[in-house]
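**Student:** Next comes model-v1.txt, compact mmCIF, C-alpha atoms:
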```txt
# COMPACT_ATOMS: atom_id res chain seq x y z
CA MET A 30 -16.60 8.53 18.47
CA PRO A 31 -19.24 7.44 21.01
CA GLU A 32 -21.89 7.07 18.30
CA ALA A 33 -19.80 4.28 16.73
CA ARG A 34 -19.38 2.30 19.93
CA LYS A 35 -22.25 -0.14 19.59
CA SER A 36 -22.44 -3.58 21.09
CA SER A 37 -20.36 -6.27 19.45
CA HIS A 38 -23.28 -8.07 17.83
CA GLU A 39 -24.17 -4.80 16.07
CA ALA A 40 -20.63 -4.18 14.81
CA LYS A 41 -21.52 -5.43 11.35
CA ASP A 42 -23.84 -2.42 11.04
CA LEU A 43 -21.18 0.21 11.75
CA PRO A 44 -20.95 2.51 8.73
CA VAL A 45 -17.71 2.43 6.76
CA PRO A 46 -16.76 5.95 5.56
CA GLN A 47 -16.79 6.55 1.80
CA LEU A 48 -13.58 7.97 0.36
CA VAL A 49 -13.86 10.83 -2.12
CA LEU A 50 -10.73 12.65 -3.29
CA PRO A 51 -10.97 15.69 -5.63
CA GLY A 52 -8.92 15.45 -8.83
CA ASP A 53 -6.49 18.25 -7.99
CA LEU A 54 -5.78 16.77 -4.58
CA ALA A 55 -5.42 13.31 -6.11
CA LYS A 56 -2.59 14.52 -8.32
CA LYS A 57 -0.84 16.16 -5.37
CA ILE A 58 -1.06 13.02 -3.23
CA GLY A 59 -0.02 10.91 -6.21
CA GLN A 60 3.16 12.93 -6.53
CA LYS A 61 3.93 12.27 -2.85
CA ILE A 62 3.38 8.53 -3.23
CA TRP A 63 5.55 8.57 -6.37
CA LEU A 64 8.27 10.22 -4.33
CA ASN A 65 8.00 7.41 -1.77
CA GLU A 66 8.20 4.68 -4.37
CA THR A 67 10.77 6.01 -6.79
CA GLY A 68 12.30 9.17 -5.35
CA GLY A 69 10.35 10.98 -8.08
CA LYS A 70 12.68 9.70 -10.81
CA ILE A 71 11.02 9.64 -14.21
CA ASP A 72 12.82 6.52 -15.41
CA ALA A 73 11.88 4.68 -12.22
CA ILE A 74 8.19 4.89 -13.08
CA THR A 75 8.92 1.68 -15.01
CA SER A 76 11.20 -0.48 -12.90
CA TRP A 77 12.14 -4.04 -11.96
CA SER A 78 14.02 -4.47 -8.70
CA ALA A 79 16.95 -6.86 -8.51
CA ASN A 80 15.30 -8.39 -5.43
CA GLU A 81 11.98 -9.14 -7.16
CA GLU A 82 10.60 -11.40 -9.88
CA PHE A 83 8.19 -8.91 -11.43
CA ALA A 84 8.04 -5.41 -12.85
CA SER A 85 6.82 -2.49 -10.71
CA LEU A 86 5.09 0.26 -12.64
CA GLY A 87 3.57 3.68 -12.06
CA ILE A 88 3.59 6.03 -9.10
CA GLY A 89 2.55 3.19 -6.81
CA HIS A 90 4.89 0.55 -8.25
CA PHE A 91 1.97 -1.61 -9.30
CA ILE A 92 3.00 -5.24 -9.71
CA TRP A 93 2.96 -6.86 -13.18
CA PHE A 94 3.86 -10.55 -13.55
CA PRO A 95 5.73 -11.89 -16.60
CA VAL A 96 4.08 -14.38 -18.95
CA GLY A 97 3.57 -17.75 -17.25
CA LYS A 98 4.67 -16.49 -13.83
CA TRP A 99 2.54 -16.74 -10.70
CA LEU A 100 3.72 -15.31 -7.39
CA PRO A 101 2.07 -15.14 -3.92
CA PHE A 102 1.33 -11.43 -4.20
CA GLU A 103 -1.64 -9.48 -5.50
CA GLU A 104 -0.97 -8.38 -9.08
CA SER A 105 -2.15 -4.77 -9.24
CA PHE A 106 -1.08 -3.37 -12.62
CA PRO A 107 -3.74 -5.17 -14.71
CA ALA A 108 -6.37 -4.02 -12.20
CA LEU A 109 -5.10 -0.44 -12.56
CA LEU A 110 -5.50 -0.59 -16.34
CA GLU A 111 -9.01 -2.05 -16.06
CA PHE A 112 -9.92 0.75 -13.63
CA MET A 113 -8.62 3.44 -15.99
CA ARG A 114 -10.36 1.86 -18.97
CA LYS A 115 -13.67 2.04 -17.10
CA LYS A 116 -12.93 5.74 -16.51
CA ASN A 117 -12.54 6.16 -20.29
CA VAL A 118 -8.78 6.67 -20.11
CA ARG A 119 -7.20 5.69 -23.42
CA LEU A 120 -4.64 2.91 -22.95
CA PRO A 121 -1.68 2.21 -25.23
CA ALA A 122 -3.00 0.00 -28.06
CA TRP A 123 -0.79 -2.96 -27.16
CA LEU A 124 -2.29 -3.00 -23.65
CA ASP A 125 -5.88 -2.26 -24.66
CA GLN A 126 -6.90 -5.89 -25.14
CA PRO A 127 -10.12 -7.64 -23.99
CA GLN A 128 -7.97 -9.17 -21.27
CA ILE A 129 -5.01 -7.09 -20.09
CA PRO A 130 -1.91 -8.98 -21.30
CA ALA A 131 0.86 -10.30 -19.10
CA ASN A 132 4.18 -8.51 -18.85
CA PRO A 133 5.88 -9.18 -22.21
CA TRP A 134 9.37 -8.91 -20.67
CA THR A 135 10.06 -12.25 -19.01
CA SER A 136 13.07 -11.28 -16.89
CA ARG A 137 14.67 -8.25 -15.30
CA ALA A 138 17.55 -8.45 -17.77
CA GLU A 139 15.18 -8.38 -20.74
CA PHE A 140 13.19 -5.55 -19.14
CA ARG A 141 16.34 -3.47 -18.71
CA ARG A 142 17.53 -4.21 -22.26
CA ASN A 143 14.26 -2.78 -23.54
CA SER A 144 14.30 0.32 -21.33
CA ASN A 145 14.38 2.60 -24.39
CA SER A 146 12.20 0.53 -26.71
CA PRO A 147 9.13 2.19 -28.31
CA GLN A 148 6.81 0.13 -26.09
CA MET A 149 8.63 1.08 -22.90
CA LYS A 150 8.76 4.77 -23.84
CA GLU A 151 5.04 4.75 -24.59
CA LEU A 152 4.31 2.99 -21.31
CA ARG A 153 6.46 5.45 -19.37
CA GLN A 154 4.74 8.47 -20.92
CA PHE A 155 1.30 6.96 -20.31
CA LEU A 156 2.12 6.54 -16.63
CA LEU A 157 3.51 10.06 -16.35
CA ASP A 158 0.30 11.43 -17.88
CA THR A 159 -2.06 9.58 -15.53
CA VAL A 160 -0.81 10.40 -12.02
CA ALA A 161 -4.24 11.55 -10.81
CA GLU A 162 -5.99 8.47 -12.25
CA GLN A 163 -3.45 6.16 -10.59
CA THR A 164 -4.12 7.89 -7.27
CA GLN A 165 -7.87 7.47 -7.71
CA PHE A 166 -7.25 3.77 -8.30
CA MET A 167 -5.46 3.64 -4.95
CA VAL A 168 -8.39 5.44 -3.31
CA ALA A 169 -10.77 2.88 -4.80
CA ARG A 170 -8.50 0.10 -3.56
CA ALA A 171 -8.56 1.61 -0.07
CA GLN A 172 -12.36 1.58 -0.14
CA GLY A 173 -12.39 -1.97 -1.43
CA ALA A 174 -9.85 -2.98 1.22
CA MET A 175 -12.45 -2.59 3.93
CA GLU A 176 -14.84 -4.87 2.08
CA LYS A 177 -12.12 -7.53 1.91
CA ILE A 178 -11.08 -7.02 5.53
CA LEU A 179 -14.60 -7.24 6.90
CA LYS A 180 -15.35 -10.35 4.83
CA THR A 181 -12.43 -12.06 6.54
CA THR A 182 -13.35 -10.81 10.02
CA PRO A 183 -16.10 -12.49 12.07
CA ASP A 184 -18.81 -10.29 13.47
CA GLY A 185 -17.89 -9.15 16.96
CA THR A 186 -15.47 -6.96 18.83
CA GLU A 187 -12.62 -7.37 16.31
CA ARG A 188 -14.82 -6.26 13.43
CA GLU A 189 -16.08 -3.31 15.45
CA HIS A 190 -12.53 -2.37 16.36
CA ILE A 191 -11.42 -2.36 12.70
CA VAL A 192 -14.27 -0.11 11.55
CA ILE A 193 -13.71 2.34 14.40
CA GLN A 194 -9.96 2.60 13.76
CA PHE A 195 -10.46 2.93 10.00
CA THR A 196 -12.92 5.74 10.61
CA ARG A 197 -10.48 7.48 12.98
CA ILE A 198 -7.68 7.57 10.43
CA ILE A 199 -10.05 8.74 7.66
CA ARG A 200 -11.26 11.63 9.81
CA ALA A 201 -7.71 12.50 10.84
CA SER A 202 -6.39 12.85 7.29
CA GLU A 203 -8.35 14.90 4.78
CA ASN A 204 -6.32 13.56 1.86
CA PHE A 205 -6.27 9.92 3.10
CA TYR A 206 -2.54 9.80 2.34
CA PRO A 207 -1.39 7.49 5.18
CA LEU A 208 -4.17 5.04 4.44
CA ILE A 209 -3.92 4.80 0.67
CA ASP A 210 -0.13 4.79 0.75
CA TYR A 211 0.05 1.93 3.25
CA ILE A 212 -2.47 -0.20 1.38
CA ASN A 213 -0.58 0.36 -1.85
CA PHE A 214 2.67 -0.32 0.02
CA LYS A 215 1.77 -3.47 1.98
CA GLY A 216 -1.73 -4.49 0.96
CA GLU A 217 -4.97 -5.15 2.76
CA GLY A 218 -3.66 -7.88 5.04
CA THR A 219 -6.22 -10.48 3.92
CA ASN A 220 -4.10 -12.66 1.61
CA PRO A 221 -3.04 -15.83 3.49
CA ASN A 222 0.02 -16.04 1.22
CA GLU A 223 1.21 -12.68 2.56
CA THR A 224 1.92 -13.92 6.07
CA ALA A 225 4.87 -15.32 7.99
CA MET A 226 5.17 -17.70 10.94
CA ASP A 227 5.85 -16.20 14.35
CA ARG A 228 8.58 -18.42 15.82
CA GLU A 229 7.39 -17.93 19.39
CA THR A 230 3.64 -18.45 18.99
CA GLY A 231 3.58 -20.62 15.88
CA ARG A 232 0.84 -18.40 14.45
CA ARG A 233 0.95 -16.82 11.02
CA GLN A 234 1.06 -13.02 11.01
CA GLY A 235 0.32 -10.61 8.18
CA TRP A 236 1.57 -7.08 7.59
CA GLY A 237 -1.25 -5.29 5.79
CA LEU A 238 -3.80 -2.65 6.72
CA LYS A 239 -5.90 -5.11 8.72
CA GLN A 240 -3.00 -5.87 11.05
CA VAL A 241 -2.21 -2.15 11.46
CA LEU A 242 -5.82 -1.31 12.36
CA LEU A 243 -5.93 -4.17 14.87
CA LYS A 244 -2.76 -2.85 16.49
CA MET A 245 -4.29 0.61 17.01
CA ASN A 246 -6.03 0.98 20.37
CA GLY A 247 -6.68 4.69 20.86
CA ASP A 248 -9.94 6.57 20.96
CA THR A 249 -8.87 10.21 20.69
CA SER A 250 -10.13 12.21 17.71
CA ASP A 251 -7.13 14.56 17.67
CA PRO A 252 -5.80 14.28 14.07
CA LYS A 253 -2.12 14.52 15.02
CA ALA A 254 -2.46 11.86 17.69
CA VAL A 255 -4.38 9.53 15.37
CA ARG A 256 -1.83 9.85 12.58
CA ALA A 257 1.03 9.26 15.02
CA GLU A 258 -0.77 6.18 16.34
CA PHE A 259 -1.29 4.86 12.82
CA ALA A 260 2.42 5.35 12.08
CA ASP A 261 3.39 3.60 15.33
CA ALA A 262 1.12 0.64 14.53
CA ALA A 263 2.48 0.38 10.98
CA GLN A 264 6.04 0.49 12.29
CA PHE A 265 5.28 -2.31 14.77
CA VAL A 266 3.69 -4.50 12.10
CA LEU A 267 6.61 -4.04 9.71
CA GLN A 268 9.21 -4.75 12.39
CA GLN A 269 7.23 -7.84 13.33
CA ARG A 270 7.52 -8.95 9.69
CA VAL A 271 11.29 -8.44 9.79
CA ARG A 272 11.53 -10.55 12.96
CA ASN A 273 9.53 -13.31 11.28
CA LEU A 274 11.39 -12.98 7.98
CA PRO A 275 14.99 -11.94 8.82
CA SER A 276 15.88 -11.76 5.11
CA ASN A 277 13.62 -8.68 4.94
CA ARG A 278 15.90 -6.71 7.23
CA VAL A 279 17.57 -5.19 4.17
CA PHE A 280 14.29 -3.33 3.51
CA GLU A 281 13.63 -2.22 7.09
CA ALA A 282 15.26 1.21 7.04
CA GLY A 283 13.44 2.22 3.86
CA TRP A 284 10.11 0.92 5.16
CA LEU A 285 10.45 2.90 8.38
CA ARG A 286 11.40 6.09 6.56
CA ARG A 287 8.24 5.72 4.53
CA VAL A 288 6.03 5.12 7.56
CA ALA A 289 7.53 8.21 9.20
CA THR A 290 5.90 10.34 6.49
CA TYR A 291 2.48 9.41 7.90
CA ARG A 292 3.14 11.49 11.01
CA PRO A 293 2.10 15.15 11.20
CA ILE A 294 4.89 17.41 9.92
CA ALA A 295 4.83 19.40 13.16
CA ASP A 296 5.44 16.25 15.18
CA PRO A 297 9.20 15.97 15.96
CA GLU A 298 8.78 12.21 15.68
CA SER A 299 7.94 12.71 11.99
CA SER A 300 11.63 12.96 11.15
CA PRO A 301 12.53 9.76 9.26
CA LYS A 302 15.95 9.67 10.93
CA ARG A 303 14.44 10.08 14.39
CA ALA A 304 11.85 7.40 13.68
CA LEU A 305 14.57 5.06 12.45
CA ARG A 306 16.69 5.65 15.56
CA LYS A 307 13.64 4.99 17.73
CA SER A 308 12.84 1.77 15.85
CA LEU A 309 16.40 0.51 16.21
CA ARG A 310 16.24 1.13 19.97
CA VAL A 311 13.02 -0.89 20.10
CA THR A 312 14.55 -3.67 18.05
CA ALA A 313 17.63 -3.82 20.27
CA ALA A 314 15.47 -4.09 23.36
CA GLN A 315 13.48 -7.04 22.05
```
Mind turning the file's structure into structure tokens?
**Tutor:**
Amino acid sequence: MPEARKSSHEAKDLPVPQLVLPGDLAKKIGQKIWLNETGGKIDAITSWSANEEFASLGIGHFIWFPVGKWLPFEESFPALLEFMRKKNVRLPAWLDQPQIPANPWTSRAEFRRNSNSPQMKELRQFLLDTVAEQTQFMVARAQGAMEKILKTTPDGTEREHIVIQFTRIIRASENFYPLIDYINFKGEGTNPNETAMDRETGRRQGWGLKQVLLKMNGDTSDPKAVRAEFADAAQFVLQQRVRNLPSNRVFEAGWLRRVATYRPIADPESSPKRALRKSLRVTAAQ
């Protein structure tokens, strides 16, 4: 991408690619993301993990906080509903309020008790019927992610690096799957609350898209190589999070299996089991 390699003071002018995903492809990619999040289980499209303090809904497990609850994560379910409303998607009446309401179920126990209530059944069917729209929301979030990332990145070589690497992964994946899945999975990497202290350096480190793009250092345009590099960078960032937050180790194997799906199918390293074995060797050596 020699045309993108301008001097650092011009990095702010590098064009950020626009993401456009056809409706039929959106539904196909949405199904794949749903498989990542829930194993494709219909009931799991409305869930509340025992390890979390909020409900996770839809193919992307969009976060929805209970009434009166604030947590240091970006709440994405209300934003999804606002997005769909702007696209003239009809919401369930109890959600179609001037301001999207908070999660009416205040605890996981209450959520599970109401798993077959009329409201929950209606919500589940609504989410099953809007897979393509949910995917388009994730595409829009991926586009918006770059705006957030660049706003938090000073002009200069780091900003230039981020735009170049973002462009590489966009060009390497016609359906944008690795990109939109990772952003939905671990966020943009701009929220200071979504960081952890590195015990060796004393610096706070995030685990979102920004950190993955900064970790990438290649310049090849070969799609397979770019996707493998993106997967490697994502794996590094997630393992760094586990080192900084040892309690997260329980999630590590699942995270790495997910990241392995970003690799080209023809790449032998794309096997989730192989990627997991490789990551454990890296962890043991550190």
**Student:** I want to know what sits within 8 Å of range 193-210 of chain A, based on all atoms listed in the file, with residues of the same chain fewer than 4 positions away left out; could you give that as a count of residues only?
**Tutor:** 28
**Student:** So which residues fall inside 9 Å of (-7.0, -5.7, 4.1) if we count all atoms listed in the file? Mind giving them as a compact mmCIF listing (two decimals) with C-alpha atoms, keeping the file's coordinate frame?
**Tutor:**
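Contents of out-v7.txt, as written:
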```txt
# COMPACT_ATOMS: atom_id res chain seq x y z
CA ALA A 171 -8.56 1.61 -0.07
CA GLY A 173 -12.39 -1.97 -1.43
CA ALA A 174 -9.85 -2.98 1.22
CA MET A 175 -12.45 -2.59 3.93
CA GLU A 176 -14.84 -4.87 2.08
CA LYS A 177 -12.12 -7.53 1.91
CA ILE A 178 -11.08 -7.02 5.53
CA LEU A 179 -14.60 -7.24 6.90
CA THR A 181 -12.43 -12.06 6.54
CA ILE A 212 -2.47 -0.20 1.38
CA GLY A 216 -1.73 -4.49 0.96
CA GLU A 217 -4.97 -5.15 2.76
CA GLY A 218 -3.66 -7.88 5.04
CA THR A 219 -6.22 -10.48 3.92
CA ASN A 220 -4.10 -12.66 1.61
CA GLY A 237 -1.25 -5.29 5.79
CA LEU A 238 -3.80 -2.65 6.72
CA LYS A 239 -5.90 -5.11 8.72
CA GLN A 240 -3.00 -5.87 11.05
```
**Student:** Which residue out of A:Val160, A:Lys150, A:Lys115, A:Ala257 has the minimum interatomic distance to Lys61 in chain A when all atoms listed in the file are used?
**Tutor:** A:Val160
**Student:** Work out how far apart CA of Asp53 in chain A and CA of Val192 in chain A are and give it in Å to one decimal.
**Tutor:**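 Going from CA of Asp53 in chain A over to CA of Val192 in chain A, I get 27.9 Å.
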**Student:** Just give me the gap between CA of Gln148 in chain A and CA of Lys57 in chain A in Å, one decimal is fine.
**Tutor:**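 Computing it gives 27.3 Å between the two atoms.
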**Student:** Distance CA of Glu111 in chain A-CA of Lys215 in chain A, one decimal place?
**Tutor:**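 Taking CA of Glu111 in chain A and CA of Lys215 in chain A, their separation equals 21.1 Å.
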**Student:** Find the spatial neighbours of Ala108 in chain A, counting all atoms listed in the file, within a cut-off of 10 Å - ignore same-chain residues fewer than 3 positions away - and output them as a list in words.
**Tutor:**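 Those residues are Phe91, Ile92, Trp93, Glu103, Glu104, Ser105, Glu111, Phe112, Met113, Arg114, Ile129, Phe166 and Arg170 of chain A.
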**Student:** Out of A:Met149, A:Ala79, A:Ala225, A:Ile88, which residue has the shortest atom-to-atom distance to Val271 in chain A when counting all atoms listed in the file?
**Tutor:** A:Ala225
**Student:** Need the shell around Ala131 in chain A: protein/DNA/RNA residues with any atom at most 9 Å away, counting all atoms listed in the file. Skip same-chain ones fewer than 5 positions apart. Format as a PyMOL selection string?
**Tutor:** chain A and resi 93-98+107
**Student:** Counting all atoms listed in the file, which of A:Leu110, A:Asn80, A:Leu120, A:Gly185 gets nearest to Val279 in chain A?
**Tutor:** A:Asn80
**Student:** Excluding Leu86 in chain A and any residue of its chain fewer than 2 positions from it, enumerate the residues within 12 Å of it, using all atoms listed in the file, and give them as a PyMOL selection string.
**Tutor:** chain A and resi 63+66-67+71-78+83-84+88-94+104-107+109-110+132+140+149+152-157+160+163
**Student:** Just C-alpha atoms for this one: save the residues we selected as a short mmCIF file (atom, residue, chain, number, x, y, z; two decimals), in the frame of the given file.
**Tutor:**
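Below is the file that was written, selection_7.cif:
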```cif
data_model
loop_
_atom_site.label_atom_id
_atom_site.label_comp_id
_atom_site.auth_asym_id
_atom_site.auth_seq_id
_atom_site.Cartn_x
_atom_site.Cartn_y
_atom_site.Cartn_z
CA TRP A 63 5.55 8.57 -6.37
CA GLU A 66 8.20 4.68 -4.37
CA THR A 67 10.77 6.01 -6.79
CA ILE A 71 11.02 9.64 -14.21
CA ASP A 72 12.82 6.52 -15.41
CA ALA A 73 11.88 4.68 -12.22
CA ILE A 74 8.19 4.89 -13.08
CA THR A 75 8.92 1.68 -15.01
CA SER A 76 11.20 -0.48 -12.90
CA TRP A 77 12.14 -4.04 -11.96
CA SER A 78 14.02 -4.47 -8.70
CA PHE A 83 8.19 -8.91 -11.43
CA ALA A 84 8.04 -5.41 -12.85
CA ILE A 88 3.59 6.03 -9.10
CA GLY A 89 2.55 3.19 -6.81
CA HIS A 90 4.89 0.55 -8.25
CA PHE A 91 1.97 -1.61 -9.30
CA ILE A 92 3.00 -5.24 -9.71
CA TRP A 93 2.96 -6.86 -13.18
CA PHE A 94 3.86 -10.55 -13.55
CA GLU A 104 -0.97 -8.38 -9.08
CA SER A 105 -2.15 -4.77 -9.24
CA PHE A 106 -1.08 -3.37 -12.62
CA PRO A 107 -3.74 -5.17 -14.71
CA LEU A 109 -5.10 -0.44 -12.56
CA LEU A 110 -5.50 -0.59 -16.34
CA ASN A 132 4.18 -8.51 -18.85
CA PHE A 140 13.19 -5.55 -19.14
CA MET A 149 8.63 1.08 -22.90
CA LEU A 152 4.31 2.99 -21.31
CA ARG A 153 6.46 5.45 -19.37
CA GLN A 154 4.74 8.47 -20.92
CA PHE A 155 1.30 6.96 -20.31
CA LEU A 156 2.12 6.54 -16.63
CA LEU A 157 3.51 10.06 -16.35
CA VAL A 160 -0.81 10.40 -12.02
CA GLN A 163 -3.45 6.16 -10.59
#
```
**Student:** My list of candidates is A:Ala55, A:Phe102, A:Gly69, A:Arg270. Which is closest to Asn222 in chain A when distances are computed with all atoms listed in the file?
**Tutor:**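 Counting all atoms listed in the file, the residue closest to Asn222 in chain A is A:Phe102.
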**Student:** When you count all atoms listed in the file, which of these residues is closest to Leu64 in chain A: A:Gly87, A:Pro183, A:Pro44, A:Pro101?
**Tutor:**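 Of the candidates, the smallest distance to Leu64 in chain A is held by A:Gly87.
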